[in-house]
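Notes for the one structure printed next.
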Amino acid sequence: MSSGTNGTEPKRRGRRRSGADTKAALLAAAREVFTEQGYDAATVRAIAAQAGVDPAMVNHWFGGKAGLFSAAVHIPVNPAEVVPQLLAGDRDQLAERLLRRFLTVWDNAEGGQFAALVRSIATNENAVAMLREFIQNVMFEKLIKALGVDQPDLRGALCGSQIVGLGMARYVVRLEPLASADHDTVVAAIGPNLQRYLTGALD
């Protein structure tokens with residue numbers, strides 16, 4: 001006779017997922033679902049089902065869909081948190097706040113996260129689609145829509161070109177003296193043009 005509960009104890013179904021396994025599965029599923037469906041159409045439930053985990057794990061590990069998207073595309077900025085913070089201050093200093101936020105998070109990682117994004121783009125078409133989705137529909141569309149300015153699509157694209165271009169020059173190509181310039185210098189040089197893209201006249 002076997003020990004235990006006379007055969008009534010349920011059998012285990014393989015090894016339990018670790019936290020790292022769950023996060024990796026969600027990131028892989030997110031990249032696939034976001035690429036196929038786009039940010040707005042993709043749901044937390046669909047991503048969790050693709051990963052084979054409970055939907056609650058998305059909130060547990062990433063704080064929601066926006067946080068999962070940011071992690072999946074290697075951009076360490078959660079739009080759900082950042083956009084309201086950026087909009088809370090003086091409208092005329094929006095570009096400065098935006099630049100300082102990106103510079104701070106990227107510098108804290110020594111540019112590694114942006115470099116990882118660029119490597120993904122170079123080898124994976126899905127990464128290109130996700131970066132485009134982030135720029136057009138996740139970050140800048142929501143920010144610019146809240147400003148109520150004209151030509152929102154063009155403004156979003158121009159803002160994206162400025163941020164991505166800065167990331168490339170500072171962290172990937174490492175163009176000096178921009179690569180080692182302090183935040184005040186970068187903001188003073190780039191901020192006025194980015195502010196024009198956000199709220200100024202484009203013609």
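Starting from 1 in every chain, residues are counted up; chains themselves are A, B, ... following the order of the structure tokens, and ligands are numbered from 1 as listed.
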I'd like the neighbourhood of region 78-88 of chain A as a ChimeraX atom specification, where a residue qualifies if any of its atoms comes within 10 Å (using only C-alpha atoms), though same-chain residues fewer than 6 positions away should be ignored.
/A:62-71,94-98,101,134,138-140,142-144,146-147
Could you check which of A:Val118, A:Glu133, A:Asp150, A:Tyr197 is closest to Gly165 (chain A), using only C-alpha atoms?
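Selected residue with least distance to Gly165 (chain A): A:Val118.
Using only C-alpha atoms for every distance, the candidate list A:Ala115, A:Ala41, A:Val105, A:Val187 yields A:Ala115 as the residue closest to Val173 (chain A).
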Excluding region 23-37 of chain A and residues on its chain fewer than 3 positions from it, collect all residues at most 8 Å away from it, counting only C-alpha atoms, and give them as a short mmCIF file (atom, residue, chain, number, x, y, z; two decimals) with N, CA, C and O atoms, in the first residue's frame.
data_model
loop_
_atom_site.label_atom_id
_atom_site.label_comp_id
_atom_site.auth_asym_id
_atom_site.auth_seq_id
_atom_site.Cartn_x
_atom_site.Cartn_y
_atom_site.Cartn_z
N GLY A 19 9.07 32.65 -11.01
CA GLY A 19 8.76 34.02 -11.40
C GLY A 19 9.43 34.40 -12.70
O GLY A 19 8.82 35.03 -13.57
N ALA A 20 10.68 34.00 -12.86
CA ALA A 20 11.41 34.31 -14.09
C ALA A 20 10.77 33.64 -15.29
O ALA A 20 10.67 34.23 -16.37
N ASP A 40 -3.83 48.67 -28.91
CA ASP A 40 -5.20 48.91 -28.46
C ASP A 40 -6.05 47.64 -28.50
O ASP A 40 -6.87 47.40 -27.60
N ALA A 41 -5.87 46.83 -29.54
CA ALA A 41 -6.71 45.63 -29.69
C ALA A 41 -6.25 44.48 -28.79
O ALA A 41 -7.06 43.63 -28.41
N ALA A 42 -4.99 44.43 -28.46
CA ALA A 42 -4.47 43.35 -27.62
C ALA A 42 -5.04 43.47 -26.21
O ALA A 42 -5.18 44.56 -25.68
N ALA A 46 -5.78 37.86 -23.48
CA ALA A 46 -5.24 37.14 -24.64
C ALA A 46 -3.75 36.87 -24.48
O ALA A 46 -3.25 35.79 -24.82
N ILE A 47 -3.02 37.84 -23.95
CA ILE A 47 -1.59 37.67 -23.75
C ILE A 47 -1.32 36.60 -22.70
O ILE A 47 -0.46 35.73 -22.88
N ALA A 48 -2.07 36.65 -21.61
CA ALA A 48 -1.90 35.65 -20.56
C ALA A 48 -2.25 34.25 -21.06
O ALA A 48 -1.55 33.27 -20.73
N GLN A 50 -1.98 33.19 -24.12
CA GLN A 50 -0.88 32.78 -25.00
C GLN A 50 0.31 32.29 -24.18
O GLN A 50 1.00 31.34 -24.58
N ALA A 51 0.54 32.94 -23.04
CA ALA A 51 1.67 32.57 -22.18
C ALA A 51 1.35 31.37 -21.28
O ALA A 51 2.25 30.80 -20.67
N GLY A 52 0.05 31.04 -21.15
CA GLY A 52 -0.34 29.94 -20.29
C GLY A 52 -0.27 30.28 -18.81
O GLY A 52 0.04 29.41 -17.98
N VAL A 53 -0.56 31.54 -18.47
CA VAL A 53 -0.52 31.97 -17.07
C VAL A 53 -1.80 32.71 -16.73
O VAL A 53 -2.58 33.09 -17.61
N VAL A 58 0.02 39.58 -15.08
CA VAL A 58 0.42 40.78 -15.83
C VAL A 58 0.51 41.97 -14.89
O VAL A 58 1.48 42.73 -14.88
N TRP A 61 3.51 41.40 -12.24
CA TRP A 61 4.89 41.60 -12.70
C TRP A 61 5.12 42.91 -13.42
O TRP A 61 6.23 43.45 -13.40
N LEU A 68 3.66 46.13 -19.39
CA LEU A 68 4.09 44.94 -20.11
C LEU A 68 4.59 45.32 -21.50
O LEU A 68 5.62 44.81 -21.96
N PHE A 69 3.88 46.22 -22.16
CA PHE A 69 4.31 46.63 -23.49
C PHE A 69 5.69 47.29 -23.42
O PHE A 69 6.57 46.99 -24.23
N ALA A 71 8.06 46.90 -21.26
CA ALA A 71 9.09 45.89 -21.00
C ALA A 71 9.35 45.05 -22.24
O ALA A 71 10.50 44.71 -22.55
N ALA A 72 8.31 44.73 -22.98
CA ALA A 72 8.46 43.89 -24.16
C ALA A 72 9.25 44.59 -25.26
O ALA A 72 9.97 43.95 -26.02
N VAL A 73 9.14 45.91 -25.33
CA VAL A 73 9.84 46.65 -26.37
C VAL A 73 11.15 47.25 -25.86
O VAL A 73 11.82 48.00 -26.55
N ASN A 126 9.50 42.11 -35.82
CA ASN A 126 8.49 42.36 -34.79
C ASN A 126 8.90 43.50 -33.87
O ASN A 126 8.06 44.28 -33.40
N ALA A 127 10.20 43.60 -33.58
CA ALA A 127 10.69 44.68 -32.72
C ALA A 127 10.48 46.03 -33.40
O ALA A 127 10.16 47.02 -32.74
N ALA A 129 8.05 46.74 -35.49
CA ALA A 129 6.62 47.02 -35.40
C ALA A 129 6.25 47.49 -34.00
O ALA A 129 5.42 48.40 -33.84
N MET A 130 6.85 46.90 -32.98
CA MET A 130 6.53 47.29 -31.61
C MET A 130 7.04 48.67 -31.27
O MET A 130 6.38 49.44 -30.57
#
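Closest approach to Gln195 (chain A) among A:Asn108, A:Thr22, A:Gln162, A:Gln136 is made by A:Gln162 (distances from only C-alpha atoms).
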In Å, how far is it from CA of Arg45 (chain A) to CA of Asn59 (chain A)?
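About the pair CA of Arg45 (chain A) and CA of Asn59 (chain A): they are 11.2 Å apart.
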Could you give me, as number ranges by chain, the residues within 12 Å of Ala201 (chain A), counting only C-alpha atoms and dropping anything in the same chain fewer than 2 positions from it?
A: 149-152, 154-155, 193-199, 203
Could those residues be written to a file, using N, CA and C atoms, as a CSV table (one decimal), in the first residue's frame?
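Ended up saving to result-v5.csv:
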chain,number,residue,atom,x,y,z
A,149,VAL,N,-3.6,69.7,-29.7
A,149,VAL,CA,-2.9,70.5,-30.7
A,149,VAL,C,-3.2,70.0,-32.1
A,150,ASP,N,-2.9,70.7,-33.2
A,150,ASP,CA,-3.2,70.3,-34.5
A,150,ASP,C,-2.1,69.3,-35.0
A,151,GLN,N,-2.4,68.6,-36.1
A,151,GLN,CA,-1.5,67.7,-36.7
A,151,GLN,C,-0.9,66.7,-35.7
A,152,PRO,N,-1.7,66.0,-35.0
A,152,PRO,CA,-1.2,65.1,-33.9
A,152,PRO,C,-0.3,64.0,-34.4
A,154,LEU,N,1.6,63.9,-37.2
A,154,LEU,CA,2.9,64.4,-37.6
A,154,LEU,C,3.7,64.8,-36.3
A,155,ARG,N,3.1,65.4,-35.3
A,155,ARG,CA,3.8,65.8,-34.1
A,155,ARG,C,4.3,64.5,-33.4
A,193,ASN,N,13.5,72.5,-29.7
A,193,ASN,CA,13.0,71.8,-30.9
A,193,ASN,C,11.9,70.8,-30.6
A,194,LEU,N,12.1,70.0,-29.5
A,194,LEU,CA,11.1,69.1,-29.1
A,194,LEU,C,9.9,69.8,-28.6
A,195,GLN,N,10.0,70.9,-27.9
A,195,GLN,CA,8.9,71.7,-27.5
A,195,GLN,C,8.0,72.2,-28.7
A,196,ARG,N,8.7,72.6,-29.7
A,196,ARG,CA,8.0,73.0,-30.9
A,196,ARG,C,7.2,71.9,-31.6
A,197,TYR,N,7.8,70.7,-31.6
A,197,TYR,CA,7.1,69.5,-32.1
A,197,TYR,C,5.9,69.2,-31.3
A,198,LEU,N,5.9,69.5,-30.0
A,198,LEU,CA,4.8,69.2,-29.1
A,198,LEU,C,3.7,70.2,-29.1
A,199,THR,N,4.1,71.5,-29.1
A,199,THR,CA,3.0,72.5,-28.9
A,199,THR,C,3.2,73.7,-29.9
A,203,ASP,N,4.5,75.0,-39.3
A,203,ASP,CA,4.7,75.6,-40.6
A,203,ASP,C,5.2,77.0,-40.6
Residues of region 131-203 of chain A classed as helix (DSSP H, G or I) by DSSP on the backbone are to be reported as a ChimeraX atom specification.
/A:131-147,152-172,178-180,183-199
How many Å separate CA of Glu176 (chain A) from CA of His74 (chain A)?
24.2 Å
